[in-house]
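Engineer: My file is run.csv. It has CSV, C-alpha atoms and all ligand atoms:
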chain,number,residue,atom,x,y,z
A,1,MET,CA,86.3,78.9,120.4
A,2,ILE,CA,83.1,79.4,118.5
A,3,PRO,CA,81.0,82.6,119.1
A,4,ARG,CA,78.0,82.5,121.5
A,5,LYS,CA,74.6,82.2,119.9
A,6,PHE,CA,73.3,85.3,118.1
A,7,GLU,CA,70.5,86.3,115.9
A,8,TYR,CA,71.4,87.3,112.3
A,9,PHE,CA,69.8,89.9,110.1
A,10,ALA,CA,70.9,90.9,106.6
A,11,PRO,CA,69.0,94.1,105.7
A,12,THR,CA,69.0,95.3,102.1
A,13,THR,CA,68.6,99.1,102.9
A,14,VAL,CA,70.3,101.5,105.3
A,15,SER,CA,67.0,102.4,106.8
A,16,GLU,CA,66.3,98.8,107.6
A,17,ALA,CA,69.7,98.4,109.2
A,18,VAL,CA,69.1,101.6,111.3
A,19,SER,CA,65.6,100.3,112.4
A,20,LEU,CA,67.3,97.1,113.6
A,21,LEU,CA,69.9,99.2,115.5
A,22,ARG,CA,67.1,101.2,117.1
A,23,LYS,CA,65.3,98.1,118.1
A,24,TYR,CA,68.2,96.2,119.6
A,25,ARG,CA,70.5,99.1,120.6
A,26,ASP,CA,73.5,97.9,122.7
A,27,ASN,CA,72.7,94.3,122.0
A,28,ALA,CA,73.4,94.6,118.3
A,29,LYS,CA,76.5,95.0,116.2
A,30,ILE,CA,76.9,95.9,112.6
A,31,LEU,CA,79.0,93.5,110.6
A,32,SER,CA,80.8,95.0,107.6
A,33,GLY,CA,84.1,93.2,106.8
A,34,GLY,CA,83.9,91.1,110.0
A,35,MET,CA,87.7,91.2,110.2
A,36,SER,CA,87.7,92.6,113.7
A,37,LEU,CA,84.2,91.7,114.9
A,38,ILE,CA,84.4,88.0,114.1
A,39,PRO,CA,87.7,87.3,115.8
A,40,MET,CA,86.4,89.2,118.9
A,41,MET,CA,83.2,87.1,118.9
A,42,LYS,CA,85.2,83.9,118.5
A,43,LEU,CA,87.4,84.9,121.4
A,44,ARG,CA,84.2,85.9,123.3
A,45,VAL,CA,85.5,89.3,124.0
A,46,LEU,CA,82.3,90.4,122.4
A,47,SER,CA,79.0,88.5,122.4
A,48,PRO,CA,76.4,90.5,120.7
A,49,GLN,CA,72.9,89.0,120.7
A,50,VAL,CA,72.2,90.4,117.2
A,51,ILE,CA,74.3,90.8,114.1
A,52,ILE,CA,73.3,93.2,111.4
A,53,ASP,CA,75.2,92.2,108.3
A,54,ILE,CA,75.2,95.3,105.9
A,55,ASN,CA,76.9,93.4,103.0
A,56,ASN,CA,73.6,93.0,101.1
A,57,ILE,CA,72.9,96.8,101.0
A,58,LYS,CA,73.5,97.9,97.5
A,59,GLY,CA,75.2,101.2,96.6
A,60,LEU,CA,77.6,101.5,99.5
A,61,ALA,CA,80.8,100.4,97.8
A,62,TYR,CA,81.8,103.7,96.1
A,63,ILE,CA,84.8,106.0,96.0
A,64,LYS,CA,83.4,109.1,94.3
A,65,ASP,CA,85.5,112.1,93.3
A,66,GLY,CA,83.5,115.2,93.7
A,67,GLY,CA,86.4,117.6,92.9
A,68,LYS,CA,86.7,119.4,96.2
A,69,ALA,CA,86.1,116.2,98.2
A,70,VAL,CA,86.1,112.4,97.8
A,71,ARG,CA,83.3,110.3,99.3
A,72,ILE,CA,83.9,106.8,100.5
A,73,GLY,CA,81.0,104.5,101.1
A,74,ALA,CA,80.5,102.0,104.0
A,75,LEU,CA,81.3,98.9,101.9
A,76,VAL,CA,84.6,100.2,100.4
A,77,ARG,CA,87.2,97.5,101.3
A,78,HIS,CA,90.9,98.2,102.2
A,79,ALA,CA,91.8,96.6,98.8
A,80,ASP,CA,89.5,99.0,96.9
A,81,ILE,CA,91.4,101.9,98.4
A,82,GLU,CA,94.7,100.1,97.7
A,83,HIS,CA,93.8,99.9,94.0
A,84,SER,CA,92.0,103.2,93.5
A,85,PRO,CA,93.5,105.7,91.1
A,86,ILE,CA,91.5,108.4,92.8
A,87,ILE,CA,93.1,107.6,96.1
A,88,ARG,CA,96.5,107.4,94.6
A,89,GLU,CA,96.2,110.8,93.0
A,90,LYS,CA,94.4,112.7,95.8
A,91,PHE,CA,95.5,111.0,99.0
A,92,PRO,CA,98.9,109.4,98.6
A,93,MET,CA,99.1,108.9,102.4
A,94,MET,CA,96.2,106.4,102.1
A,95,ALA,CA,97.9,104.7,99.1
A,96,ASP,CA,100.9,104.4,101.4
A,97,ALA,CA,98.8,102.9,104.2
A,98,ALA,CA,96.6,100.4,102.4
A,99,PRO,CA,99.2,97.8,101.4
A,100,HIS,CA,100.5,97.7,105.0
A,101,ILE,CA,97.2,96.8,106.5
A,102,ALA,CA,97.1,93.1,107.5
A,103,ASP,CA,97.3,90.7,104.5
A,104,MET,CA,95.5,90.4,101.2
A,105,GLN,CA,92.7,88.3,102.6
A,106,VAL,CA,91.9,90.8,105.3
A,107,ARG,CA,92.2,93.7,102.9
A,108,ASN,CA,89.7,92.1,100.5
A,109,LEU,CA,87.0,92.1,103.2
A,110,GLY,CA,87.8,94.7,105.9
A,111,THR,CA,86.3,98.1,105.2
A,112,PHE,CA,87.6,101.7,105.7
A,113,LEU,CA,84.6,102.7,107.7
A,114,GLY,CA,84.5,99.5,109.7
A,115,ALA,CA,88.1,100.2,110.8
A,116,LEU,CA,87.2,103.7,111.9
A,117,ALA,CA,84.1,102.5,113.8
A,118,HIS,CA,86.2,99.8,115.4
A,119,ALA,CA,88.7,102.4,116.7
A,120,ASP,CA,91.5,100.0,117.5
A,121,PRO,CA,94.2,102.3,119.0
A,122,ALA,CA,96.8,100.7,116.7
A,123,ALA,CA,94.7,100.8,113.5
A,124,ASP,CA,96.2,102.5,110.4
A,125,TRP,CA,93.2,104.3,108.9
A,126,PRO,CA,92.3,106.6,111.8
A,127,ALA,CA,95.7,108.4,111.2
A,128,SER,CA,94.7,109.3,107.6
A,129,ALA,CA,91.2,110.2,108.6
A,130,LEU,CA,92.5,112.6,111.2
A,131,ALA,CA,95.3,114.2,109.1
A,132,LEU,CA,92.9,114.7,106.2
A,133,ASP,CA,90.2,116.3,108.4
A,134,ALA,CA,87.7,113.7,107.2
A,135,GLU,CA,84.1,114.1,108.0
A,136,LEU,CA,82.2,110.9,109.0
A,137,VAL,CA,78.5,110.6,108.1
A,138,ALA,CA,76.5,108.7,110.7
A,139,GLN,CA,72.9,107.6,109.9
A,140,GLY,CA,70.5,107.3,112.8
A,141,THR,CA,67.0,108.6,112.9
A,142,ALA,CA,68.7,111.6,111.2
A,143,LYS,CA,72.0,112.0,109.4
A,144,ARG,CA,74.8,113.8,111.3
A,145,VAL,CA,78.3,114.6,110.3
A,146,ILE,CA,81.1,114.0,112.8
A,147,LYS,CA,84.6,115.4,112.3
A,148,ALA,CA,87.3,112.8,112.5
A,149,THR,CA,89.0,115.0,115.1
A,150,LYS,CA,86.0,114.6,117.4
A,151,PHE,CA,85.3,110.9,116.5
A,152,PHE,CA,87.9,108.9,118.4
A,153,LYS,CA,87.2,109.0,122.2
A,154,GLY,CA,89.3,106.2,123.6
A,155,PRO,CA,90.4,102.6,122.9
A,156,PHE,CA,87.6,101.0,120.8
A,157,GLU,CA,85.4,104.0,121.7
A,158,THR,CA,83.9,106.6,119.3
A,159,ALA,CA,81.4,109.3,119.1
A,160,LEU,CA,79.0,107.0,117.3
A,161,LYS,CA,75.7,106.2,119.1
A,162,PRO,CA,74.6,102.5,119.4
A,163,THR,CA,71.7,103.5,117.1
A,164,GLU,CA,73.9,104.9,114.4
A,165,MET,CA,75.6,103.4,111.4
A,166,LEU,CA,78.6,105.0,109.6
A,167,VAL,CA,77.5,105.4,106.0
A,168,GLU,CA,80.1,107.6,104.4
A,169,ALA,CA,83.4,109.4,104.9
A,170,ILE,CA,84.0,112.7,103.2
A,171,LEU,CA,87.6,113.5,102.6
A,172,PRO,CA,88.4,117.1,101.6
A,173,VAL,CA,91.1,117.2,98.9
A,174,PRO,CA,94.0,119.3,100.2
A,175,ARG,CA,94.6,122.5,98.3
A,176,GLY,CA,97.7,124.8,98.1
A,177,GLU,CA,100.6,125.8,95.8
A,178,LYS,CA,102.5,122.8,97.0
A,179,VAL,CA,101.0,119.9,98.7
A,180,GLY,CA,102.7,116.8,100.1
A,181,GLN,CA,101.4,113.9,102.2
A,182,ALA,CA,102.7,110.6,103.5
A,183,TYR,CA,101.9,107.8,105.9
A,184,LEU,CA,104.7,105.8,107.4
A,185,LYS,CA,104.1,102.7,109.4
A,186,PHE,CA,106.7,101.0,111.6
A,187,GLU,CA,105.8,97.4,112.1
A,188,ARG,CA,107.7,94.3,113.4
A,189,LYS,CA,106.8,92.2,110.3
A,190,ALA,CA,104.7,92.6,107.3
A,191,GLY,CA,101.0,92.5,108.1
A,192,ASP,CA,101.4,93.3,111.8
A,193,TYR,CA,99.8,96.2,113.6
A,194,ALA,CA,101.9,99.3,113.9
A,195,ILE,CA,104.5,100.1,116.6
A,196,VAL,CA,103.8,103.6,115.4
A,197,GLY,CA,102.1,105.0,112.3
A,198,VAL,CA,102.4,108.7,111.2
A,199,ALA,CA,100.3,110.5,108.6
A,200,SER,CA,101.5,113.9,107.5
A,201,LEU,CA,100.0,116.6,105.3
A,202,LEU,CA,101.9,119.8,104.5
A,203,THR,CA,100.7,122.6,102.2
A,204,LEU,CA,103.2,125.4,101.3
A,205,ASN,CA,103.0,128.6,99.4
A,206,ARG,CA,105.2,129.6,96.5
A,207,GLU,CA,107.9,130.9,98.9
A,208,ASN,CA,107.9,127.5,100.7
A,209,VAL,CA,106.2,128.9,103.8
A,210,ILE,CA,104.1,126.2,105.5
A,211,GLN,CA,100.5,127.1,105.3
A,212,LYS,CA,99.0,124.0,106.9
A,213,ALA,CA,100.4,121.1,108.8
A,214,ALA,CA,98.4,118.1,109.9
A,215,ILE,CA,100.2,115.3,111.6
A,216,ALA,CA,98.4,112.3,113.1
A,217,LEU,CA,99.9,109.4,115.0
A,218,THR,CA,98.5,106.0,115.7
A,219,ALA,CA,99.5,103.2,118.2
A,220,VAL,CA,101.3,105.5,120.7
A,221,ASN,CA,98.3,106.7,122.7
A,222,PRO,CA,95.1,105.2,123.9
A,223,PHE,CA,93.5,106.6,120.8
A,224,PRO,CA,94.9,108.1,117.5
A,225,PHE,CA,95.6,111.8,117.8
A,226,ARG,CA,96.7,115.0,116.0
A,227,ALA,CA,100.1,116.2,117.1
A,228,THR,CA,98.9,119.8,117.4
A,229,ASP,CA,102.0,121.0,119.2
A,230,ALA,CA,104.1,119.9,116.3
A,231,GLU,CA,101.7,121.4,113.8
A,232,GLU,CA,101.8,124.8,115.5
A,233,LEU,CA,105.6,124.8,115.3
A,234,LEU,CA,105.5,124.3,111.6
A,235,VAL,CA,102.9,126.7,110.4
A,236,GLY,CA,104.2,130.0,109.2
A,237,GLN,CA,107.8,128.6,108.9
A,238,LYS,CA,110.0,127.6,106.1
A,239,PRO,CA,111.0,124.0,106.5
A,240,SER,CA,114.6,123.2,107.6
A,241,LYS,CA,116.2,120.1,109.1
A,242,ASP,CA,116.1,121.7,112.5
A,243,LEU,CA,112.5,122.7,112.3
A,244,ILE,CA,111.5,119.2,111.2
A,245,GLU,CA,113.5,117.7,114.2
A,246,GLN,CA,111.7,120.1,116.6
A,247,ALA,CA,108.3,119.1,115.2
A,248,ALA,CA,109.2,115.4,115.5
A,249,LYS,CA,110.2,115.9,119.1
A,250,ALA,CA,107.0,117.9,119.8
A,251,ALA,CA,104.9,115.1,118.3
A,252,ALA,CA,106.7,112.4,120.3
A,253,ALA,CA,106.2,114.5,123.5
A,254,MET,CA,102.4,114.2,122.9
A,255,ALA,CA,102.6,110.4,122.7
A,256,ASP,CA,101.9,108.3,125.8
A,257,PRO,CA,102.5,104.8,124.6
A,258,SER,CA,102.4,101.7,126.8
A,259,SER,CA,105.0,98.9,127.0
A,260,ASP,CA,103.9,95.7,125.4
A,261,LEU,CA,105.1,92.9,123.1
A,262,ARG,CA,105.9,95.5,120.4
A,263,GLY,CA,108.4,97.5,122.6
A,264,SER,CA,108.8,99.5,125.7
A,265,ALA,CA,107.1,102.8,126.1
A,266,GLU,CA,110.4,104.6,125.9
A,267,TYR,CA,111.3,102.9,122.6
A,268,LYS,CA,107.9,103.6,121.1
A,269,ARG,CA,108.2,107.3,122.0
A,270,GLU,CA,111.6,107.4,120.3
A,271,MET,CA,110.1,105.7,117.2
A,272,ALA,CA,107.3,108.2,117.2
A,273,LYS,CA,109.9,110.9,116.9
A,274,VAL,CA,111.9,109.1,114.2
A,275,PHE,CA,108.8,108.2,112.1
A,276,THR,CA,107.3,111.7,112.4
A,277,ARG,CA,110.5,113.1,111.1
A,278,ARG,CA,110.6,110.6,108.2
A,279,SER,CA,106.9,111.1,107.4
A,280,LEU,CA,107.3,114.9,107.3
A,281,ASN,CA,110.4,114.6,105.1
A,282,ARG,CA,108.6,112.4,102.7
A,283,ALA,CA,105.6,114.8,102.6
A,284,LEU,CA,108.1,117.7,101.8
A,285,GLU,CA,109.8,115.6,99.1
A,286,ARG,CA,106.4,114.9,97.5
A,287,ALA,CA,105.6,118.6,97.7
A,288,GLY,CA,108.8,119.2,95.7
A,289,VAL,CA,110.5,121.0,98.6
A,290,ALA,CA,114.1,120.2,99.5
A,291,VAL,CA,115.4,120.6,103.1
B,1,LIG,C1,95.0,89.1,110.9
B,1,LIG,C2,94.5,90.6,111.0
B,1,LIG,C3,95.4,91.6,110.8
B,1,LIG,C4,95.1,92.9,110.9
B,1,LIG,N1,96.0,93.9,110.7
B,1,LIG,C5,95.6,95.2,110.7
B,1,LIG,C6,96.6,96.2,110.5
B,1,LIG,O1,97.8,96.0,110.3
B,1,LIG,N2,96.2,97.5,110.5
B,1,LIG,C7,94.9,97.8,110.7
B,1,LIG,O2,94.5,99.0,110.7
B,1,LIG,N3,93.9,96.9,110.9
B,1,LIG,C8,94.3,95.6,110.9
B,1,LIG,N4,93.3,94.6,111.1
B,1,LIG,C9,91.9,95.0,111.3
B,1,LIG,C10,91.2,95.1,109.9
B,1,LIG,O3,91.7,96.3,109.3
B,1,LIG,C11,89.7,95.2,110.1
B,1,LIG,O4,89.2,95.1,108.8
B,1,LIG,C12,89.1,96.5,110.6
B,1,LIG,O5,89.6,96.8,111.9
B,1,LIG,C13,87.6,96.5,110.8
B,1,LIG,O6,86.9,96.6,109.6
B,1,LIG,P1,85.7,95.6,109.2
B,1,LIG,O7,85.1,96.2,108.1
B,1,LIG,O8,86.4,94.2,109.1
B,1,LIG,O9,84.8,95.7,110.5
B,1,LIG,P2,84.0,94.6,111.3
B,1,LIG,O10,84.9,93.6,111.8
B,1,LIG,O11,82.8,94.1,110.6
B,1,LIG,O12,83.5,95.5,112.5
B,1,LIG,C14,84.3,96.1,113.5
B,1,LIG,C15,83.5,96.9,114.4
B,1,LIG,O13,83.0,98.1,113.8
B,1,LIG,C16,81.6,98.1,113.8
B,1,LIG,N5,81.2,98.6,112.4
B,1,LIG,C17,81.6,98.1,111.3
B,1,LIG,N6,81.2,98.8,110.2
B,1,LIG,C18,80.4,99.7,110.8
B,1,LIG,C19,79.6,100.8,110.2
B,1,LIG,N7,79.5,101.0,108.9
B,1,LIG,N8,78.9,101.6,111.1
B,1,LIG,C20,79.0,101.4,112.4
B,1,LIG,N9,79.8,100.4,113.0
B,1,LIG,C21,80.4,99.6,112.2
B,1,LIG,C22,81.2,96.7,114.1
B,1,LIG,O14,79.9,96.7,114.7
B,1,LIG,C23,82.3,96.3,115.0
B,1,LIG,O15,82.1,96.7,116.3
B,1,LIG,C24,93.7,93.2,111.1
B,1,LIG,C25,92.7,92.2,111.2
B,1,LIG,C26,93.1,90.9,111.1
B,1,LIG,C27,92.1,89.8,111.2
Could you write out this file's structure as structure tokens?
Structural biologist:
Amino acid sequence: MIPRKFEYFAPTTVSEAVSLLRKYRDNAKILSGGMSLIPMMKLRVLSPQVIIDINNIKGLAYIKDGGKAVRIGALVRHADIEHSPIIREKFPMMADAAPHIADMQVRNLGTFLGALAHADPAADWPASALALDAELVAQGTAKRVIKATKFFKGPFETALKPTEMLVEAILPVPRGEKVGQAYLKFERKAGDYAIVGVASLLTLNRENVIQKAAIALTAVNPFPFRATDAEELLVGQKPSKDLIEQAAKAAAAMADPSSDLRGSAEYKREMAKVFTRRSLNRALERAGVAV
């Protein structure tokens, strides 16, 4: 199918894009990578009357290392993240995730912020954004910062208003004596959406006591979530096989997957446990802590 007729705008500044959003509100959609929007328009799941293509806005394709935090602009593609030395050094969980998103063609166009705004319940990036406590900068009439933990509201539903555009993500660089992070994706075949994806971040002190645990799961709930029950079990403890197993069980207990072509709900919940355990173990390994 071909999309229904729409009006096309290609603003060259953020303020122009936001004015258009304010003018057309629910009838308009931002186009960044187009890797989710265009297929949905072709299937006529979505038929916006107005497309606001932000690709001609200069200065939005940056990954900036500010020391305590890294800022990612709205036109940073999945492939930019995949090949970024800053990301590899500061956020290994994102370096893990990037090569498993779709295929090279999609990664060359799809954007990090577009994927967050799209909020597909099985998307990979939301897990990293949640586990890293990212802050998302929305530009409307004014700028506002939305914590990733408050951003995802439901399947394809976010805290973003129809008159706002996501312009930047701010990712705090995790600090601690020992820091380990990982993202593990379980997929049926290369390039597929996740059956489950688990992002883990652990910081430990010199005595190997866990100071901070952040675990985020995707594809096993109507929207990506932080496994807070599992995090609470870990903080203040020294890691052991038994503790990791308990945390993995607690994370899986918070999952509420649905049965579909990627597996039964029961199977997905079991995989949520297995992949949480593996993700935590990899994070510990990277923190230099043996269990
Ligand atoms: C074959 C295929 C396989 C895929 N596999 C995976 C996968 O394995 N894992 C995965 O995570 N994803 C996968 N995707 C989705 C891909 O990652 C998309 O790139 C991503 O979901 C959307 O990013 P985009 O920049 O392409 O956004 P677009 O398609 O341009 O937009 C998506 C939605 O977000 C809105 N939007 C976009 N940018 C902004 C912004 N800056 N501010 C506000 N709203 C905005 C749009 O209006 C639209 O509603 C796949 C896609 C395809 C086509």
Engineer: Within 7 Å of ligand LIG 1 (chain B), which residues of chain A show up? Give each one with its shortest atom-to-atom distance in Å (one decimal) and the two atoms involved, counting all atoms listed in the file, rows by chain then rising residue number, as a tab-separated table.
Structural biologist:
residue	atom	partner	partner_atom	distance
A:Lys29	CA	B:LIG1	O14	4.1
A:Ile30	CA	B:LIG1	O14	3.7
A:Leu31	CA	B:LIG1	O11	3.8
A:Ser32	CA	B:LIG1	O11	3.7
A:Gly33	CA	B:LIG1	O8	3.4
A:Gly34	CA	B:LIG1	O10	3.2
A:Met35	CA	B:LIG1	O8	3.4
A:Ser36	CA	B:LIG1	O10	3.5
A:Leu37	CA	B:LIG1	O10	3.7
A:Ile38	CA	B:LIG1	O10	6.1
A:Pro39	CA	B:LIG1	C27	6.8
A:Ala74	CA	B:LIG1	N7	5.1
A:His100	CA	B:LIG1	O1	6.2
A:Ile101	CA	B:LIG1	O1	3.9
A:Ala102	CA	B:LIG1	N1	3.5
A:Asp103	CA	B:LIG1	C3	6.6
A:Val106	CA	B:LIG1	C26	5.9
A:Arg107	CA	B:LIG1	O4	6.8
A:Leu109	CA	B:LIG1	O8	6.3
A:Gly110	CA	B:LIG1	O4	3.2
A:Thr111	CA	B:LIG1	O7	3.7
A:Phe112	CA	B:LIG1	O6	6.5
A:Leu113	CA	B:LIG1	N7	5.5
A:Gly114	CA	B:LIG1	N6	3.4
A:Ala115	CA	B:LIG1	C13	3.7
A:Ala117	CA	B:LIG1	O13	4.5
A:His118	CA	B:LIG1	O13	4.0
A:Asp120	CA	B:LIG1	O5	6.7
A:Ala122	CA	B:LIG1	O2	6.6
A:Ala123	CA	B:LIG1	O2	3.3
A:Asp124	CA	B:LIG1	O2	3.9
A:Trp125	CA	B:LIG1	O2	5.7
A:Glu164	CA	B:LIG1	C20	6.5
A:Met165	CA	B:LIG1	N8	3.8
A:Leu166	CA	B:LIG1	N8	3.7
A:Val167	CA	B:LIG1	N7	5.6
A:Gly191	CA	B:LIG1	O1	5.2
A:Asp192	CA	B:LIG1	O1	4.7
A:Tyr193	CA	B:LIG1	O1	3.9
A:Ala194	CA	B:LIG1	O1	6.4
Engineer: Quick one: write out the picked residues with C-alpha atoms as a tab-separated table (two decimals), keeping the file's coordinate frame?
Structural biologist:
chain	number	residue	atom	x	y	z
A	29	LYS	CA	76.50	95.00	116.20
A	30	ILE	CA	76.90	95.90	112.60
A	31	LEU	CA	79.00	93.50	110.60
A	32	SER	CA	80.80	95.00	107.60
A	33	GLY	CA	84.10	93.20	106.80
A	34	GLY	CA	83.90	91.10	110.00
A	35	MET	CA	87.70	91.20	110.20
A	36	SER	CA	87.70	92.60	113.70
A	37	LEU	CA	84.20	91.70	114.90
A	38	ILE	CA	84.40	88.00	114.10
A	39	PRO	CA	87.70	87.30	115.80
A	74	ALA	CA	80.50	102.00	104.00
A	100	HIS	CA	100.50	97.70	105.00
A	101	ILE	CA	97.20	96.80	106.50
A	102	ALA	CA	97.10	93.10	107.50
A	103	ASP	CA	97.30	90.70	104.50
A	106	VAL	CA	91.90	90.80	105.30
A	107	ARG	CA	92.20	93.70	102.90
A	109	LEU	CA	87.00	92.10	103.20
A	110	GLY	CA	87.80	94.70	105.90
A	111	THR	CA	86.30	98.10	105.20
A	112	PHE	CA	87.60	101.70	105.70
A	113	LEU	CA	84.60	102.70	107.70
A	114	GLY	CA	84.50	99.50	109.70
A	115	ALA	CA	88.10	100.20	110.80
A	117	ALA	CA	84.10	102.50	113.80
A	118	HIS	CA	86.20	99.80	115.40
A	120	ASP	CA	91.50	100.00	117.50
A	122	ALA	CA	96.80	100.70	116.70
A	123	ALA	CA	94.70	100.80	113.50
A	124	ASP	CA	96.20	102.50	110.40
A	125	TRP	CA	93.20	104.30	108.90
A	164	GLU	CA	73.90	104.90	114.40
A	165	MET	CA	75.60	103.40	111.40
A	166	LEU	CA	78.60	105.00	109.60
A	167	VAL	CA	77.50	105.40	106.00
A	191	GLY	CA	101.00	92.50	108.10
A	192	ASP	CA	101.40	93.30	111.80
A	193	TYR	CA	99.80	96.20	113.60
A	194	ALA	CA	101.90	99.30	113.90
Engineer: What gap, in Å, lies between atom CA of Gly176 of chain A and atom CA of Val235 of chain A?
Structural biologist: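 According to the coordinates, atom CA of Gly176 of chain A and atom CA of Val235 of chain A are separated by 13.5 Å.
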Engineer: I need the residue nearest Ala272 of chain A from this list: A:Ala287, A:Ile210, A:Val196, A:Ala190. Use only C-alpha atoms for the distance.
Structural biologist: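 The answer is A:Val196, which sits nearest to Ala272 of chain A.
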Engineer: I'd like the interatomic distance between atom CA of Glu231 of chain A and atom CA of Ala213 of chain A, to a tenth of an Å.
Structural biologist: 5.2 Å
Engineer: Taking (114.4, 120.3, 110.5) as a centre in this file's frame and 12 Å as the limit, can you find every polymer residue with an atom that close, using all atoms listed in the file, and give them as a ChimeraX atom specification?
Structural biologist: /A:230,233-234,237-249,276-278,280-281,284,290-291
Engineer: Counting all atoms listed in the file, figure out which residue out of A:Pro172, A:Gly59, A:Gly180, A:Pro3 gets nearest to Ser279 of chain A.
Structural biologist: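 Selected residue with least distance to Ser279 of chain A: A:Gly180.
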Engineer: Using all atoms listed in the file, which residues sit within 6 Å of segment 253-257 of chain A once same-chain residues fewer than 5 positions away are excluded, as a PDB file with C-alpha atoms, in the frame of the given file?
Structural biologist:
ATOM      1  CA  VAL A 220     101.300 105.500 120.700  1.00  0.00           C
ATOM      2  CA  ASN A 221      98.300 106.700 122.700  1.00  0.00           C
ATOM      3  CA  ALA A 265     107.100 102.800 126.100  1.00  0.00           C
TER       4      ALA A 265
END
Engineer: Using only C-alpha atoms, can you tell me which of A:Gly154, A:Pro174, A:Pro222, A:Pro162 comes closest to Pro92 of chain A?
Structural biologist: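 Between A:Gly154, A:Pro174, A:Pro222, A:Pro162, the residue approaching Pro92 of chain A most closely is A:Pro174.
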Engineer: Take atom CA of Asp65 of chain A and atom CA of Ala169 of chain A and report the distance between them in Å, one decimal.
Structural biologist: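 Between atom CA of Asp65 of chain A and atom CA of Ala169 of chain A the gap is 12.1 Å.
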Engineer: Find, counting all atoms listed in the file, the residue in A:Thr12, A:Glu232, A:Met40, A:Arg77 that gets nearest to Ile57 of chain A.
Structural biologist: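 Ranking A:Thr12, A:Glu232, A:Met40, A:Arg77 by distance to Ile57 of chain A, first place goes to A:Thr12.
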Engineer: Given the choices A:Met41, A:Ala79, A:Ile2, A:Leu261, which gets closest to Ala61 of chain A if the distance is worked out from only C-alpha atoms?
Structural biologist: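 Ranked by minimum distance to Ala61 of chain A, first place goes to A:Ala79.
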Engineer: Under the rule that only C-alpha atoms are counted, which of A:Arg44, A:His78, A:Lys161, A:Lys273 is the nearest residue to Val198 of chain A?
Structural biologist: A:Lys273
Engineer: Which neighbours of Tyr24 of chain A fall inside 12 Å, counting all atoms listed in the file, when residues of the same chain fewer than 3 positions from it are skipped, and could you give them as a count of residues only?
Structural biologist: 20
Engineer: Pick out the residues sitting within 9 Å of Val173 of chain A, and hand them over as a PyMOL selection string; count all atoms listed in the file, and ignore anything fewer than 3 positions along from it in its own chain.
Structural biologist: chain A and resi 67-70+90-91+132
